[in-house]
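Just below is one structure, and these are the notes that go with it.
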Protein chains: 4
Amino acid sequence: MGRRTGVWLIGARGSLAVTSMAGAAAVRAGLAEPIGLVGETPALASVGLPSLTDLVFGGHDVVDTPLQKRAEQLVQSGVLPTALPAAVADDLRAAGAEIRQGAHRDDRSPQSVTAERLAADLTSFRDRNDLDRVVVMNVSSTEPVVEPRQEHDDLTALRAAIRTSPDVLPTSALYAYAAFTAGCSFIDFTPSTGARLPALHELALSRGLPYGGSDGKTGETLVKTALAPMFAARALRVLSWSGTNLLGGGDGATLADPEAAASKTASKQRSVAETLGHEVDGQTHIDYVPDLGDWKTAWDHVSFAGFLGVRMSLQFTWQGCDSALAAPLVLDLARLAARAHQAGEVGPLAALAFFFKDPIGSTEHRLSTQYDQLCAWAGGLT
Amino acid sequence: MGRRTGVWLIGARGSLAVTSMAGAAAVRAGLAEPIGLVGETPALASVGLPSLTDLVFGGHDVVDTPLQKRAEQLVQSGVLPTALPAAVADDLRAAGAEIRQGAHRDDRSPQSVTAERLAADLTSFRDRNDLDRVVVMNVSSTEPVVEPRQEHDDLTALRAAIRTSPDVLPTSALYAYAAFTAGCSFIDFTPSTGARLPALHELALSRGLPYGGSDGKTGETLVKTALAPMFAARALRVLSWSGTNLLGGGDGATLADPEAAASKTASKQRSVAETLGHEVDGQTHIDYVPDLGDWKTAWDHVSFAGFLGVRMSLQFTWQGCDSALAAPLVLDLARLAARAHQAGEVGPLAALAFFFKDPIGSTEHRLSTQYDQLCAWAGGLT
Amino acid sequence: MGRRTGVWLIGARGSLAVTSMAGAAAVRAGLAEPIGLVGETPALASVGLPSLTDLVFGGHDVVDTPLQKRAEQLVQSGVLPTALPAAVADDLRAAGAEIRQGAHRDDRSPQSVTAERLAADLTSFRDRNDLDRVVVMNVSSTEPVVEPRQEHDDLTALRAAIRTSPDVLPTSALYAYAAFTAGCSFIDFTPSTGARLPALHELALSRGLPYGGSDGKTGETLVKTALAPMFAARALRVLSWSGTNLLGGGDGATLADPEAAASKTASKQRSVAETLGHEVDGQTHIDYVPDLGDWKTAWDHVSFAGFLGVRMSLQFTWQGCDSALAAPLVLDLARLAARAHQAGEVGPLAALAFFFKDPIGSTEHRLSTQYDQLCAWAGGLT
Amino acid sequence: MGRRTGVWLIGARGSLAVTSMAGAAAVRAGLAEPIGLVGETPALASVGLPSLTDLVFGGHDVVDTPLQKRAEQLVQSGVLPTALPAAVADDLRAAGAEIRQGAHRDDRSPQSVTAERLAADLTSFRDRNDLDRVVVMNVSSTEPVVEPRQEHDDLTALRAAIRTSPDVLPTSALYAYAAFTAGCSFIDFTPSTGARLPALHELALSRGLPYGGSDGKTGETLVKTALAPMFAARALRVLSWSGTNLLGGGDGATLADPEAAASKTASKQRSVAETLGHEVDGQTHIDYVPDLGDWKTAWDHVSFAGFLGVRMSLQFTWQGCDSALAAPLVLDLARLAARAHQAGEVGPLAALAFFFKDPIGSTEHRLSTQYDQLCAWAGGLT
């Protein structure tokens, strides 16, 4: 009945991918409870998602770290329970065997050549494992902000350009191109470009494929989108919303590069303004603090005016483990995207806004409303 | 067309009442923006609420503080703008002329006698001011928790008992009894008993009157009910939710009395358990800290398990001005209760849950859902 | 040259004792850096402390948990590094062999009999291991507050009383009695009575022994005593100081018993008043939150008046691991007490105030001043 | 006996200057308690400071805002009590009459000409008011970081250069030059250059004058320097120290200019590294949030390793009113500098480190030690 589902992760040897794969194995083996998995809650129990047992993992990466080694690092940093890597060693070995060499940012071949190779990896993965469909998901590091180019706006022009150029598409978009070419849905869990180009939208439509993103909502923004509607509903006037994020780990290092951070802080600020209907003062900082490892701490300060203009404030501190917050969303998104693909959904999956800082196809940022929309949409899939 | 609406406040000389009356005057005179007033937002613009200009204030109290003097105290503590008491002096004078002697807790007359006197005050207020209807709202200090008595369960028995006894009903319930007797709707903004007795419910039904409460949701619990659904929707497991409230002012002193605090902390903890569907560890403290005056600070600490059981935490600190948070709710509730009365609503107004820590007639604590229910209900009133 | 030093821990199988013993072994084996050990800093490098290698561990306890098992529990709760229990297994085995049955609270023998048995354990430990001296340190759970009795005030009366009574002394004081009887110094790391009775002071003096305590300063109070002098030096007027402590683990469970908590919260509040020279409003709560395990979170809120009476505030949140904060102090105190004993110090060791919430023999709570006093005193020991 | 003391403020019409002048008047009139004034505490009672009554105010500024108007603005923003401006109107009028046109940054005259004018203002102020001495203090906005120039290193070269150049000295240094020329001591309350140039040091020495600075320690750094010694004394290893400062008002706007902020954030980070003896990770942000007005909020996050490397954290939030924190320091510094001048102290006043983020002549940042040094020094003045 069309249940075997491939989950192809871009960045398959990274912390997030390995936490997702090890965690899926742990939950299906009954070694861990399904905490954090929205797909396992009663609300989504009867919408026909592929089960965790139906998922087959593979992916692209540009590094060679064995999954088992990465899993052991994740134990050291407190993300995975001590005994888990050994318990799921077979699963990691199987997934490791399905990882292929990814696209290097500085590869000088024409991008059409690379795209063909990547698409072939996807096709072969699907065939070899007898999968009904494959979801490609980008969980690699955040790219720098990309300069717009004319070729991004038109599929024919794009196809011509990549035949000769090595860099017309940012890497994340090249993966999306390859995914659509191979008939796979595509989810971007990062703030990178991914499928968000008119030419790629055109391609997804022509192939009848759904896609989604961007930038998994796992911490500070999750809380912001739970709190901002409170101010709106109570007619309290938010005057400023300031935030500082401290994070170590790979993502921290990447975002310390101000170019990459720019794309992330922009999507972090948008949600508040769009919820409240007006701009608010305040900056959002992302600081790289290596000793924090995979843990992140966010402090937000909101000043607001109440009745008769009285000034008040709300502060929150969120302390979480990045990979452990993101991994269940990866699994949920893979299952939901596969289900949407099966149901014939095409184009941007606006109903996935619940999972994203910068939801493709939606300007709804209120968490509760996003949740209601997700449940209604999933319940209505045919 | 039935618009002139009386707002009769129990505790009419207190900080909350005076902030409400002075604030209503300021907003209708264009001296202040309608911040905090849900009734002035687009969502409730066309549901037919009486306008702020339609409201006429009066009330009961057991102290004699002139409203003008209380308003000046509220300037000192930063609740009211410096120039406001002078600007709204006429309004305060008019309201002051409509304040009558309230019911003393240690009055030894039979309660039927007192109730008649209170009801006569209401009737006379309505007649004198040519009001279409009157909403009675309790904004006085929190009562100690009350022992249940058999007479509370049956209207006939209650009527018999109050004919001889001076204390069968707690004062807040005596006010509700008088309100219903005089054909007025009743709202309890405090955690006291108010209308929450089977005998009073019977009385409200027999008179075709609506009522609502309890315990205005103005601070810590407001934030809790915005955040708890986030954990539920994301399938994160809340392990403990602890809170400390520091507050000065009259309410702080009352709640320092552990008996009164008991009723308040109980309603504070209920919302989380009912939203999450399971009990969580953790205590809620209310500390009286006189130097904080009308300002309150709440700190909450939530520990939760994420994917694979990883422990994380969320903390928030809320710093607000109690009267300024509560006053716009008082005005909103008065207008909504009057509108419900006009529309023929009878019994507990569950749709007002949005405003209360311990909503009568509802176990819904999720703030966004409460808001949606409020808007839908108000929009459907005939 | 008098260097081999016994460290006899009351509560030797508990988390704090095992963290101390395993940690000492790790540091002397070069497996861990001496973080947290004041005795290893340059300031105390030349004061002649016994080295970590000179320490020999033993103790009393009333439970049988093997040290190795407790160490593995401490790995689970994140206190000890994964590999440590195996690496220090020999040390734990040696220490385990030196643990004797402690005094039960409900033992009905005359306390003189129990005291003789405990003292004999100490003497035998010293002889068997050829130790120059032994420090007895109480690291067991906090006792309930004790009723004063006349016999506590006079050594002769006390000796007479314990010959027949099973409960004239609280257990912690019985250990102090036994320690002094056996010629050992005594440190109370808990808020229990310990040596703080006139009769025991008399005994310590008659034997020429030093003693110290009480209640190790490891978290909230540590920060308080660093911050309170700031307000005093800057002439800022502290109006209120409120605090909430959330803790799990054995100590949390003990302190959830309000009687035991009373002794702890009292010592927590004293430091601020004694530093500022006036009482301040505010309460300190200790909440038992089981899921926090060995971790504790403290939130403090300080409101203060600045120039011209302007109200301002300082809040802090401290998140630490109880055993890891306390264990290095246990090692420091053992070495300092041994050194004091060697130097002929007799009676209360006021210069150890740096380590305690409720320092015996001192009303100095300012952390920096305590530190200066500690260094000056240690440097002057002969 | 040499007591009448001039306090000449650069930026005399700004919030800080007016709070200082109005506050001094309030305290000497008995309208306010001397909260925040270290010079009024017992520790400095007998060191011979000029009394508040001995102070005569004047200053330079480049704007024309009347002091009374600024005082009323300070009431609006909650810095000054409502009734104060009227109560001290005479004092403000007298001070206003002693304010002269300051040095404009873009004045194109040779700086020697401007310096002579400024010095003449000082001399004339001293003569007209029969003052024993005058302290010049810079309380104006922070300057951008200044490029070093050779002429800054040698007094003769400097004198030659200013005879023709309009910009060899930054404005703050030009004021210091004028102060020394007129025989006045100089204090820089800002992070600007002020007297910190070898040529100006030479000038101060040649005139036998003391000077001090830089950058008043009023908030986040005050707390940092109270807390950092705690980690050092307890041998806890600080891994990162991150901070975010939100501030409105004039200072916030100035510091939003990244060039000016650079000098401020640099001095903020130095104190921790110098106290701990090693660099620590972490950034300090200064965000301009206009709605906060004169209030600032700082959040700091400290991660540290304890025994056996266990990771822990301390966070604090400081919410204060900038002018109210700084003004009493301005008064203390004026009185201490005058006393030092009287006692014949020459050159940098290292003992004032207690008041500064970036103390001239001292690398001591530990607040308690600074306090002890201040008291010892002041007590020893002849």
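Order determines the names: the first chain of the structure tokens is A, the second B, and so forth; residues in each chain are numbered 1 upward, and ligands are numbered 1 upward as they are shown.
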
Check every residue of chain C for an atom within 10 Å of chain B, counting only C-alpha atoms, and provide those that qualify as a PyMOL selection string. chain C and resi 239-246+280-285+287-292+297-301+303-305+311+315+317

Please identify all polymer residues within 12 Å of Asp64 in chain C, counting only C-alpha atoms, omitting same-chain residues fewer than 3 positions from it, and present them as an NGL selection string. :C and (11-14 or 60-61 or 67-70 or 96-97 or 99-102)

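Among the candidates A:Val223, A:Ser165, A:Leu308, A:Gly277, the one nearest to Met21 in chain B when counting only C-alpha atoms is A:Leu308.
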
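With only C-alpha atoms taken into account, the protein and nucleic acid residues at most 8 Å from Phe307 in chain A (excluding it and anything under 6 positions from it in its own chain) are Leu236 of chain A; Gly23, Pro34, Ile35, Gly36, Leu37, Ala324, Leu325, Ala327 and Pro328 of chain B.
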
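For the pair CA of Asp106 in chain A and CA of Pro144 in chain A, the interatomic distance is 13.9 Å.
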
Excluding Phe125 in chain C and its own-chain neighbours fewer than 6 positions away, which residues fall within 10 Å of it when counting only C-alpha atoms? Please give them as a ChimeraX atom specification. /C:6-8,56-59,98-100,119,131,134

Hey, what's within 10 Å of Asp188 in chain B if we count only C-alpha atoms and toss same-chain stuff fewer than 4 positions away? As a PyMOL selection string, please? chain B and resi 10+136-140+172-173+175-176+192-196+211-216+330+333+356+360

Among range 151-324 of chain C, which ones does DSSP place in helix (DSSP H, G or I), written as a PyMOL selection string? chain C and resi 151-153+155-162+171-181+198-207+220-233+249-256+258-276+290-292+307-309+322-324

Can you pull out the residues contacting Arg108 in chain D? Cut-off 12 Å, using only C-alpha atoms, and skip same-chain residues under 4 positions away; I want them as a list in words. Ala103, His104, Ser112, Val113, Thr114, Ile162, Arg163, Thr164, Ser165, Pro166, Asp167 and Val168 of chain D

Do you know which residues are at most 9 Å from Leu84 in chain A counting only C-alpha atoms, after dropping those on the same chain fewer than 3 positions away, and could you put them as a PyMOL selection string? chain A and resi 22-23+26+31+71-72+75+80-81+87-89

Restrict the selected residues to C-alpha atoms and save them as a tab-separated table (two decimals), in the first residue's frame.
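The result, stored in part-v4.tsv:
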```tsv
chain	number	residue	atom	x	y	z
A	22	ALA	CA	19.73	6.68	16.08
A	23	GLY	CA	16.60	8.05	17.71
A	26	ALA	CA	15.70	3.55	19.48
A	31	LEU	CA	14.35	1.55	23.80
A	71	ALA	CA	27.04	8.71	17.76
A	72	GLU	CA	29.74	8.28	20.38
A	75	VAL	CA	27.02	10.51	23.92
A	80	LEU	CA	22.43	10.38	23.20
A	81	PRO	CA	22.10	8.00	26.16
A	87	ALA	CA	22.11	-0.77	20.83
A	88	VAL	CA	21.47	0.71	17.41
A	89	ALA	CA	24.77	-0.21	15.79
```

What residues in range 154-263 of chain C get the DSSP label strand (DSSP E or B)? Please answer as a ChimeraX atom specification. /C:185-188,210-213,216,237-247

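Between CA of Ala228 in chain B and CA of Asp294 in chain C the separation is 25.5 Å.
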